[in-house]
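To start, the structure itself, in structure tokens.
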Amino acid sequence: MTTVTERDVQLLRDALGPLRDREQIAERLLESSAKHSFDPDKELDWDSAIEDGKWFWPPELVSLYDTPLWRRMSEQQRSDLARHEAASLASLGIWFEIILMQLLVRHIYDKPVTSNHVRYALTEIADECRHSMMFGRMIKWSGSPDYPVPRVYHNLARVLKTISTTPGSFAATLLGEEILDWMQRLTFPDERVQTLVRGVTRIHVVEEARHVRYAREELRRQMVTAPRWEREFTRVSCGEAARVFSVCFINPLVYENVGLDRREAVAQVKASGHRAEIMQTGAKRLTDFLDDIGVLNGVGRRLWKSSGLLA
């Protein structure tokens with residue numbers, strides 16, 4: 001069996017160009033973390049009151065926006081739906097980040113503990129701990145319930161994270177980070193949105209940029225150096241993760257909790273051209289990247305298409 005050394009990797013390239021040195025990447029990310037990390041407990045005003053007339057999520061990003069049902073809803077009902085969907089997305093974020101932390105710990109288990117690469121992974125785990133607590137606190141502040149993913153997918157994730165390969169772990173990481181990141185980049189500068197929610201999304205966007213860089217660089221490395229069977233398995237597992245992610249993106253209970261018929265609401269979301277465009281636009285930067293490095297091939301590509309995240 002041939003072992004690919006760090007020096008060999010530096011001489012390799014993919015469709016995006018030469019692979020970068022793992023330690024140098026981590027060193028830069030550590031420097032950025034030292035300059036641009038936040039303590040949400042201190043940075044945000046958790047004692048602030050909810051602001052009248054402001055949204056919890058930009059209306060254009062609410063799942064029912066521009067549907068016949070949306071046009072029949074009162075302004076208060078629309079605002080309530082945005083609040084509940086923000087809580088649903090925060091709940092999804094916590095679920096995904098808990099999975100991510102486990103995958104990162106597995107990734108570094110056999111790696112040199114004094115390396116920059118491991119040190120940055122531990123830094124990212126600390127970031128994700130703060131993010132999860134921040135999202136939970138935001139849900140409670142908003143007065144909304146939390147929205148766990150359906151039990152079947154909660155348990156399916158146990159299997160996926162147990163059998164996930166290293167490239168599969170980083171592909172799933174990017175899936176969980178980049179689509180929400182795109183939405184949050186639209187949210188934090190939006191003055192129509194609650195100040196505290198904007199603060200939460202700003203912190204998350206700044207710190208997630210480092211996480212995305214780390215995951216992208218490592219996935220590129222893995223797709224060049226991993227054996228063929230592992231690359232093929234990654235394509236399938238990533239596609240299945242995309243399907244699960246799209247199903248769990250908004251918990252249908254949000255519709256019942258604002259007085260809507262659940263089946264009608266779900267049907268109109270599925271039929272909404274606006275919603276399809278939002279989800280595909282949010283995923284495009286990621287799907288372009290995955291396509292470039294050879295992840296969106298074969299069965300995996302068909303699964304991504306069935307998820308609605310790839311046109």
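Following the order of the structure tokens, chains are lettered A, B, ..., residues in each are numbered from 1, and ligands are numbered from 1.
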
Residues within 12 Å of region 33-39 of chain A, only C-alpha atoms, excluding chain neighbours under 4 positions, as a PyMOL selection string: chain A and resi 26-29+43-45+119-124+126-131+133-134+199-200+202-211

Residue with smallest distance to Val212 (chain A) - pool A:Ser164, A:Thr195, A:Thr173, A:Gln24, counting only C-alpha atoms: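 Ranking A:Ser164, A:Thr195, A:Thr173, A:Gln24 by distance to Val212 (chain A), first place goes to A:Thr173.
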
Exercise: Asn297 (chain A) partners within 9 Å, only C-alpha atoms, chain neighbours under 3 positions left out, as a list in words: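 Neighbouring residues, sequence-local ones excluded: Glu232, Arg235, Val236, Asp291, Gly294, Gly300, Arg301 and Arg302 of chain A.
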
Resulting file, chosen residues, all heavy atoms, as a compact mmCIF listing (two decimals), in the first residue's frame:
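Produced file again11.txt, reproduced below:
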```txt
# COMPACT_ATOMS: atom_id res chain seq x y z
N GLU A 232 -15.76 7.36 -3.89
CA GLU A 232 -17.09 6.97 -4.36
C GLU A 232 -18.10 6.99 -3.22
O GLU A 232 -19.24 7.47 -3.36
CB GLU A 232 -17.04 5.58 -5.00
CG GLU A 232 -16.30 5.52 -6.33
CD GLU A 232 -16.99 6.32 -7.42
OE1 GLU A 232 -18.21 6.56 -7.31
OE2 GLU A 232 -16.31 6.72 -8.39
N ARG A 235 -19.17 10.50 -2.41
CA ARG A 235 -20.15 11.06 -3.35
C ARG A 235 -21.58 10.65 -2.96
O ARG A 235 -22.50 11.46 -2.98
CB ARG A 235 -19.82 10.62 -4.77
CG ARG A 235 -18.51 11.20 -5.29
CD ARG A 235 -18.18 10.73 -6.69
NE ARG A 235 -16.92 11.32 -7.13
CZ ARG A 235 -15.80 10.63 -7.33
NH1 ARG A 235 -15.78 9.32 -7.18
NH2 ARG A 235 -14.68 11.26 -7.70
N VAL A 236 -21.73 9.39 -2.59
CA VAL A 236 -23.06 8.89 -2.22
C VAL A 236 -23.50 9.45 -0.87
O VAL A 236 -24.63 9.93 -0.71
CB VAL A 236 -23.08 7.35 -2.21
CG1 VAL A 236 -24.43 6.84 -1.71
CG2 VAL A 236 -22.77 6.80 -3.60
N ASP A 291 -18.62 20.25 -7.44
CA ASP A 291 -18.55 19.80 -8.84
C ASP A 291 -17.11 19.89 -9.35
O ASP A 291 -16.60 18.97 -10.00
CB ASP A 291 -19.48 20.66 -9.70
CG ASP A 291 -20.00 19.92 -10.92
OD1 ASP A 291 -19.78 18.69 -11.02
OD2 ASP A 291 -20.62 20.56 -11.78
N GLY A 294 -14.93 17.03 -8.04
CA GLY A 294 -15.34 15.67 -8.37
C GLY A 294 -16.25 14.98 -7.39
O GLY A 294 -16.36 13.75 -7.40
N GLY A 300 -24.39 10.25 -6.46
CA GLY A 300 -24.37 11.43 -5.60
C GLY A 300 -25.02 12.63 -6.24
O GLY A 300 -25.78 13.36 -5.60
N ARG A 301 -24.77 12.82 -7.53
CA ARG A 301 -25.36 13.96 -8.24
C ARG A 301 -26.88 13.82 -8.30
O ARG A 301 -27.62 14.79 -8.13
CB ARG A 301 -24.77 14.09 -9.63
CG ARG A 301 -25.18 15.39 -10.35
CD ARG A 301 -24.53 15.52 -11.71
NE ARG A 301 -24.65 16.89 -12.18
CZ ARG A 301 -23.79 17.85 -11.95
NH1 ARG A 301 -22.71 17.60 -11.22
NH2 ARG A 301 -23.98 19.07 -12.41
N ARG A 302 -27.35 12.60 -8.54
CA ARG A 302 -28.80 12.38 -8.61
C ARG A 302 -29.45 12.66 -7.26
O ARG A 302 -30.55 13.20 -7.19
CB ARG A 302 -29.08 10.95 -9.09
CG ARG A 302 -28.70 10.71 -10.55
CD ARG A 302 -29.32 9.45 -11.10
NE ARG A 302 -28.74 8.25 -10.53
CZ ARG A 302 -27.63 7.66 -10.98
NH1 ARG A 302 -26.97 8.20 -12.00
NH2 ARG A 302 -27.17 6.57 -10.42
```

Nearest to Gln268 (chain A) by atom-to-atom distance, counting only C-alpha atoms, from A:Pro18, A:Gly176, A:Gly282, A:Pro68: A:Pro68

Residue contacts of Ser132 (chain A) (10 Å, only C-alpha atoms) excluding same-chain residues fewer than 2 positions away, as a ChimeraX atom specification: /A:90-91,93-98,127-130,134-138

Keeping N, CA and C atoms for every residue in the selection just given, could you write it to a file as a PDB file, in the first residue's frame?
```pdb
ATOM      1  N   ALA A  90     -32.198  27.677  13.743  1.00  0.00           N
ATOM      2  CA  ALA A  90     -31.229  27.653  14.834  1.00  0.00           C
ATOM      3  C   ALA A  90     -31.149  26.258  15.444  1.00  0.00           C
ATOM      4  N   SER A  91     -32.302  25.592  15.573  1.00  0.00           N
ATOM      5  CA  SER A  91     -32.322  24.220  16.090  1.00  0.00           C
ATOM      6  C   SER A  91     -31.568  23.287  15.154  1.00  0.00           C
ATOM      7  N   GLY A  93     -29.206  24.196  13.142  1.00  0.00           N
ATOM      8  CA  GLY A  93     -27.799  24.546  13.263  1.00  0.00           C
ATOM      9  C   GLY A  93     -27.141  23.869  14.456  1.00  0.00           C
ATOM     10  N   ILE A  94     -27.841  23.833  15.582  1.00  0.00           N
ATOM     11  CA  ILE A  94     -27.295  23.172  16.778  1.00  0.00           C
ATOM     12  C   ILE A  94     -27.098  21.682  16.509  1.00  0.00           C
ATOM     13  N   TRP A  95     -28.096  21.054  15.918  1.00  0.00           N
ATOM     14  CA  TRP A  95     -27.999  19.624  15.581  1.00  0.00           C
ATOM     15  C   TRP A  95     -26.784  19.360  14.699  1.00  0.00           C
ATOM     16  N   PHE A  96     -26.632  20.172  13.664  1.00  0.00           N
ATOM     17  CA  PHE A  96     -25.538  19.961  12.734  1.00  0.00           C
ATOM     18  C   PHE A  96     -24.194  20.233  13.393  1.00  0.00           C
ATOM     19  N   GLU A  97     -24.118  21.246  14.236  1.00  0.00           N
ATOM     20  CA  GLU A  97     -22.839  21.577  14.859  1.00  0.00           C
ATOM     21  C   GLU A  97     -22.419  20.524  15.882  1.00  0.00           C
ATOM     22  N   ILE A  98     -23.374  19.915  16.551  1.00  0.00           N
ATOM     23  CA  ILE A  98     -23.034  18.822  17.466  1.00  0.00           C
ATOM     24  C   ILE A  98     -22.457  17.641  16.682  1.00  0.00           C
ATOM     25  N   ASP A 127     -15.306  27.153  18.918  1.00  0.00           N
ATOM     26  CA  ASP A 127     -16.224  28.075  18.232  1.00  0.00           C
ATOM     27  C   ASP A 127     -17.618  27.473  18.152  1.00  0.00           C
ATOM     28  N   GLU A 128     -17.678  26.195  17.741  1.00  0.00           N
ATOM     29  CA  GLU A 128     -18.975  25.559  17.541  1.00  0.00           C
ATOM     30  C   GLU A 128     -19.718  25.382  18.860  1.00  0.00           C
ATOM     31  N   CYS A 129     -18.988  25.150  19.939  1.00  0.00           N
ATOM     32  CA  CYS A 129     -19.642  25.087  21.258  1.00  0.00           C
ATOM     33  C   CYS A 129     -20.328  26.415  21.557  1.00  0.00           C
ATOM     34  N   ARG A 130     -19.615  27.518  21.322  1.00  0.00           N
ATOM     35  CA  ARG A 130     -20.200  28.839  21.583  1.00  0.00           C
ATOM     36  C   ARG A 130     -21.379  29.113  20.658  1.00  0.00           C
ATOM     37  N   MET A 134     -25.139  29.905  21.710  1.00  0.00           N
ATOM     38  CA  MET A 134     -25.701  31.161  21.231  1.00  0.00           C
ATOM     39  C   MET A 134     -27.039  30.933  20.532  1.00  0.00           C
ATOM     40  N   PHE A 135     -27.117  29.919  19.667  1.00  0.00           N
ATOM     41  CA  PHE A 135     -28.368  29.627  18.973  1.00  0.00           C
ATOM     42  C   PHE A 135     -29.459  29.226  19.967  1.00  0.00           C
ATOM     43  N   GLY A 136     -29.080  28.390  20.950  1.00  0.00           N
ATOM     44  CA  GLY A 136     -30.063  27.984  21.949  1.00  0.00           C
ATOM     45  C   GLY A 136     -30.585  29.176  22.736  1.00  0.00           C
ATOM     46  N   ARG A 137     -29.689  30.088  23.055  1.00  0.00           N
ATOM     47  CA  ARG A 137     -30.102  31.268  23.814  1.00  0.00           C
ATOM     48  C   ARG A 137     -30.988  32.171  22.965  1.00  0.00           C
ATOM     49  N   MET A 138     -30.704  32.255  21.670  1.00  0.00           N
ATOM     50  CA  MET A 138     -31.531  33.072  20.778  1.00  0.00           C
ATOM     51  C   MET A 138     -32.946  32.510  20.679  1.00  0.00           C
TER      52      MET A 138
END
```

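Shortest atom-to-atom contact with Met279 (chain A) among A:Val149, A:Leu309, A:Val113, A:Ala215: A:Leu309, counting only C-alpha atoms.
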
One-decimal distance in Å that lies between CA of Arg262 (chain A) and CA of Ala283 (chain A):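 Going from CA of Ala283 (chain A) over to CA of Arg262 (chain A) covers 25.7 Å.
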
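A straight line drawn from CA of Gln194 (chain A) to CA of Pro59 (chain A) is 12.3 Å long.
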
Backbone DSSP call of helix (DSSP H, G or I) for region 178-304 of chain A, listed as a ChimeraX atom specification: /A:178-187,195-225,228-248,253-257,262-271,273-292,298-304

Å distance separating CA of Ile250 (chain A) from CA of His154 (chain A), one decimal place: 14.3 Å

Residue with smallest distance to Gln280 (chain A) - pool A:Pro252, A:Met183, A:Val224, A:Asp190, counting only C-alpha atoms: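 Once distances to Gln280 (chain A) are computed over only C-alpha atoms, the minimum belongs to A:Met183.
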
From A:Leu69, A:Thr187, A:Lys111, A:Pro167, residue lying nearest Trp229 (chain A) [only C-alpha atoms]: A:Pro167

Closest of A:Ala265, A:Val244, A:Leu16, A:Ile278 to Ser306 (chain A) - atom-to-atom distances counting only C-alpha atoms: A:Val244

Exercise: Trp57 (chain A) partners within 7 Å, only C-alpha atoms, chain neighbours under 5 positions left out, as a list of chain:residue names: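 Surrounding residues, per the criterion: A:Ala82, A:Arg83, A:Ala86, A:Thr187, A:Val193.
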